[in-house]
4 protein chains.
Amino acid sequence: MWFASDNTGAAAPEMIEAIAEANSGYAPSYGADAGMERVTARIREVFEAPQAAVYLVATGTAANALALACLCPPWATVYCHRNAHVEEDECGAPEFYTGGAKLTLLDGDHARIDPASLERAIGLTANAGVHNVQKGALSLTNATEAGAVYDPAQVAELAGIARVHGIPVHMDGSRFANAVAHLGCSAADLTWKAGVDVLTFGGTKNGCLGVEAVVLFDAARAWEFELRRKRGGHLFSKHRFLSAQMEAYLEGDLWLDLAAAANARAREMADGIAALPGAVLVHPTEANAVFAAWPRAGHRAAMAAGAHYYLWPANQSLEGPDDEPLSARLVCNWATTPAEVAQLLAVLKGARAHAGV
Amino acid sequence: MWFASDNTGAAAPEMIEAIAEANSGYAPSYGADAGMERVTARIREVFEAPQAAVYLVATGTAANALALACLCPPWATVYCHRNAHVEEDECGAPEFYTGGAKLTLLDGDHARIDPASLERAIGLTANAGVHNVQKGALSLTNATEAGAVYDPAQVAELAGIARVHGIPVHMDGSRFANAVAHLGCSAADLTWKAGVDVLTFGGTKNGCLGVEAVVLFDAARAWEFELRRKRGGHLFSKHRFLSAQMEAYLEGDLWLDLAAAANARAREMADGIAALPGAVLVHPTEANAVFAAWPRAGHRAAMAAGAHYYLWPANQSLEGPDDEPLSARLVCNWATTPAEVAQLLAVLKGARAHAGV
Amino acid sequence: MWFASDNTGAAAPEMIEAIAEANSGYAPSYGADAGMERVTARIREVFEAPQAAVYLVATGTAANALALACLCPPWATVYCHRNAHVEEDECGAPEFYTGGAKLTLLDGDHARIDPASLERAIGLTANAGVHNVQKGALSLTNATEAGAVYDPAQVAELAGIARVHGIPVHMDGSRFANAVAHLGCSAADLTWKAGVDVLTFGGTKNGCLGVEAVVLFDAARAWEFELRRKRGGHLFSKHRFLSAQMEAYLEGDLWLDLAAAANARAREMADGIAALPGAVLVHPTEANAVFAAWPRAGHRAAMAAGAHYYLWPANQSLEGPDDEPLSARLVCNWATTPAEVAQLLAVLKGARAHAGV
Amino acid sequence: MWFASDNTGAAAPEMIEAIAEANSGYAPSYGADAGMERVTARIREVFEAPQAAVYLVATGTAANALALACLCPPWATVYCHRNAHVEEDECGAPEFYTGGAKLTLLDGDHARIDPASLERAIGLTANAGVHNVQKGALSLTNATEAGAVYDPAQVAELAGIARVHGIPVHMDGSRFANAVAHLGCSAADLTWKAGVDVLTFGGTKNGCLGVEAVVLFDAARAWEFELRRKRGGHLFSKHRFLSAQMEAYLEGDLWLDLAAAANARAREMADGIAALPGAVLVHPTEANAVFAAWPRAGHRAAMAAGAHYYLWPANQSLEGPDDEPLSARLVCNWATTPAEVAQLLAVLKGARAHAGV
């Protein structure tokens, strides 16, 4: 019962096959492989964006930081949710890659930026003089760190505010597939049609070994991106193995199938937990992560039964009264089985029975 | 006939098997996988360095730049050969990761640093005042960019100069395996026993898909390295796939076998070319690359026959007199076959016959 | 009636005399002047810190950013009040000089950091793993941006929290003189005896032309500071003119006299405004700035009469109902006269009379 | 007899007067002072450049580094002479301000860049791919670090090469006044008319206390410059004191008079030394510095008599045979008197007589 992260799961078998198949003879290095041409063509097709520039890197942190560095100068700020991955989980990579830009932290339920919070924050710097850090870029995470999803209208509203102030929009799409699978919209609807300038399109968390595409819908910054990628040590020499993963990921919309499976498992888990007495969902379950609270006794039982997941936030303890609720994050991935979910739910149910609450 | 780079070759089949095998069920992410524990243990064993800290990244540029950033503060300089990879082929990654350190370019035949050149350069800054960039670190590339190898005594001489001046020593070992295979020495002899503080131990060019180990023989900077790696976007979430490659690479000294094969092919090629009338070796062939010059007619014939390699330096032209010598770099890799080498040599011999020189 | 900033005022005549006197014949450059020796000796005496390292720069932003860069690595965060100068008024200089550190924004009345807010923030990162920005340094501003003063006990409480977590303490003392003049304590009491590691001791706002001393109570980072200063372009060649200002500033405790004068004028102004009907002090007046709110009619009258000061925050308008209160910042400096203060108060009183409120 | 540096001399009396005069009442801060308006107007007039953007900072290192940061992105290189101040005497400030750009070191007599060396170096990177640091900017120092001067034709030749490759041109003019005074040309002839994009126009070495103007002939980067200046801590709050110096410096072409005086003293010294038996000029004396070699006995006598100057290069010793020649740098400034020069020459003559050579 591994629900700690979508990073702890295996890669989809299609990835291994693709890697093995790509490992044949010689291929131009550093992104000049034929596989990359196919990846670019396919992403342009999927996103209905024939002019987009497309690049691959191996980690989400690299993808985000490189993208933001192209959008936000060192003396400016990135507006993001205070729980965004770029703020909380990248050890300052955006600051490093931008050359010292700031991150301005915004509020909003379920890690979705509240438009009023964005308006207020940009407003404070809109007429910034030379003493102040300048307005730089907007960064949205979709699906959010709280397992919620922005729909195209919500993206468009935030991007519209950014556009009024002349700042570009980045989307951290490490779980973009989960968002699209949830919404059933097109990839274009959720990105450039809604005002997104650069997307980091995640593969790693959704069944790849380690690959993320950075999609620049406006290719004007393409060469700068290439230089930053190389300079950051993120240009792979045997690039064909990145291409192979991404190609397999896009083939037959595998990316959507994998995400849909993960989402479905999360849905089952959320429904099951919500039905438990004393349990409550902390965030809506729109992607592949469940945020819920239930009595401590259930957590003890689950962990004793071998369930892996994080209490969320971390400063909670398994020590204490049985019936005090503790909140947790449980993440499903493409490989999570209905049986695993059912097993956890059964443990939780049993715990309640035993606890006699 | 692909001799353009050791980056254009395929990965060894052991790598694909290792990746496939690692892709089983759940595993802790971000370097906490059991495979990484085995990698660390094995590298400590191979290097007879039980205290060493070991980290994996996916590219040589990342490995070098992260290592140098731990050794050289922003206001100091890295002493390196003027043809070093860190100077010529990393788009300024060392400058980026160090926060703006300088690279002081040294001379020496065959891309090996001349000890006198190092002495002179350090001497100029040894008593540097506040106006001057300070002495920072020494970086050696072994095997060198010219296909030569430093033996342990040569490393020790240069490292000794560095030690006198109190600066640490980095070895860019993207082709470390080729150097050890050539020398037949131990990995320890060529590194910490000779005064090397940090080694970037390459796998990518020698049969892996993309993995380099950074070995800190003094673990004092280990945590700093970890933070820099994460901040640079080089900490893999599904880290097991890096571990798997490195584990397979070390298993049964595969790394040495692969390198020995590549070296042997280069040796055959060098001998064959040297025997051609009008041909000359530009650098000694000690690792897996041949640097040689021969008449233009031979290059024309080789390229017409489908040989891939670079004229070296690049500013030479296939247009011009038949018998004017042009110099070239030809790189063998673990998978290069004797037949491929023989095929090239036959073409070159034939070209001479036809040209009637 | 110039109350816009303590930066708009003239320098004390002693400064001009000191500059003129220093301008005699030749003097060693770059800080090796005899004047600097006297400055160091005098600051060590004033601060009862015979081991302190002392350096001069010309701007407060440089002093703060250089100091923080010595205390906080690139992958860490500076804890500061959300209205601190380093956050709001330096265009990201701390981020630039630290190489991309973060600033974690704390709350607290009157721009004084609330200890609970500090505890909470450090607590969140105290056990930070590699994914998170690390705890770096604490930065206090004394006097604060809201014209309040930390007393030695308050400094000691915050510095004590920092010490528990092993992080150093910086004090932005651009108005340190005003704080000491208000408290009547010793300079040592308010700094190293209370746990401050590095002080930026301001002169510019308090009667100098442009000079700030950075006082490192622990000299271990002195050489690093010197290199950072030079590398930042802040080492003056004709350094004697910085030394001369600082020497004059310290001579006979001129720094305290100037600050006491400014504080006294602010006190008079605060008392006068507080006595007006409909007026209220927004922050306590403990240094040389008054933060107060009074009806718009009074602001209109004051500005019409030639008073210079800022509505604070800036997003208020002189357009609107007469009796709606607007808040403002009024800053006195060493040269502000009782007559100027009285003139403003008279205008404000008259405005009320005319407005018939 | 102070010939160690033009930094050890006093400021011209006009500077002190200007400072004193500026110290009257209140003035807008941060560059909004009326004096700065006059400075901008006057520099535009002197340089016949009505569109130029003009900014003041206090040190030459800051001026150069800020200017280069506006011209050269982090992944590019600055072409400069290997003895340029930006390379040798700024502790890596250009690397810091550019975010890690490289400096490519060029050759040429008398610290003047040889056009062939520039051609060759740019040529090597002209078609640089993503692995290589890109071509960034050309930086000329005029007068050079060897006391030589580029005339307009020489500047135009180098700038022409730069223009062909699409890179901008910076002139480090810390001794620009000495160059113009030597050439008798117009300031425009030596800068934008010859292809210079940004000039750092020095005052500090030539009689000011500490002020340098950065002149952007193309104002497109003006706002970026302002942000970089502030972020670097180089925007003065009491800016009027920078303005006052620069205004006095330009008034009645004082800058040219001061430089002409220094140049004349250097000329006298050079002529006198050249006439000594066994002496030789190492570089042409075109500005205010003399580079010459003469027998050790003369150096011993001079230093015994209280002369301050540097053996150049530094690795020479006063210990050794009397008649072995040692080379030295002697710098005159605006205040150097003919009597001081004569005194030194007399000592040198006497030394020869005593030595009986």
# chains A, B, ... in the order shown; residues from 1 in each chain; ligands from 1
>>> interface_residues(of="chain B", to="chain A", cutoff="9 Å", atoms="only C-alpha atoms", output="NGL selection string")
:B and (2 or 5 or 7-13 or 16-17 or 19-20 or 22-30 or 58-63 or 65 or 90-97 or 204-205 or 209-210 or 227-228 or 230-239 or 241 or 335)
>>> select_by_dssp(residues="range 1-207 of chain A", states="strand (DSSP E or B)", output="MDAnalysis selection string")
chainID A and resid 2 53:57 76:81 102:106 134:141 169:173 198:202
>>> residues_around(residues="range 323-331 of chain B", least_positions_apart="6", cutoff="8 Å", atoms="only C-alpha atoms", output="number ranges by chain")
B: 3-6, 266, 278-279, 282, 288-297, 299, 309-313, 316, 357
>>> atom_distance(atom1="CA of His131 in chain B", atom2="CA of Arg221 in chain B")
27.6 Å
>>> select_by_dssp(residues="range 148-247 of chain D", states="helix (DSSP H, G or I)", output="ChimeraX atom specification")
/D:152-164,176-183,192-194,204-206,219-231,240-247
>>> closest_residue(among="D:Glu226, D:Glu37, D:Glu268, D:Asp322", to="Pro338 in chain D", atoms="only C-alpha atoms")
D:Glu268
>>> residues_around(residues="Glu251 in chain C", least_positions_apart="5", cutoff="12 Å", atoms="only C-alpha atoms", output="list in words")
Glu14, Met15, Ala18, Arg38, Val39, Ala41, Arg42, Ile43, Glu45, Val46, Ser243, Ala244, Gln245, Met246, Leu256, Asp257 and Leu258 of chain C
>>> closest_residue(among="D:Ala153, D:Val164, D:Ala111, D:Leu56", to="Cys185 in chain D", atoms="only C-alpha atoms")
D:Ala153
>>> closest_residue(among="C:Ile273, C:Ala53, C:Ala307, C:Arg82", to="Leu199 in chain C", atoms="only C-alpha atoms")
C:Ala53
>>> residues_around(residues="Met269 in chain C", least_positions_apart="6", cutoff="8 Å", atoms="only C-alpha atoms", output="MDAnalysis selection string")
chainID C and resid 290 341:342 345
>>> atom_distance(atom1="CA of His165 in chain D", atom2="CA of Ile122 in chain D")
7.7 Å
>>> residues_around(residues="Phe176 in chain B", least_positions_apart="5", cutoff="10 Å", atoms="only C-alpha atoms", output="list in words")
Thr141, Asn142, Ala143, Thr144, Val149, Met171, Ala181, His182, Ala187, Leu190, Thr191, Leu199, Thr200, Phe201, Gly202, Gly203, Asn206, Trp255, Leu256, Ala259 and Ala287 of chain B
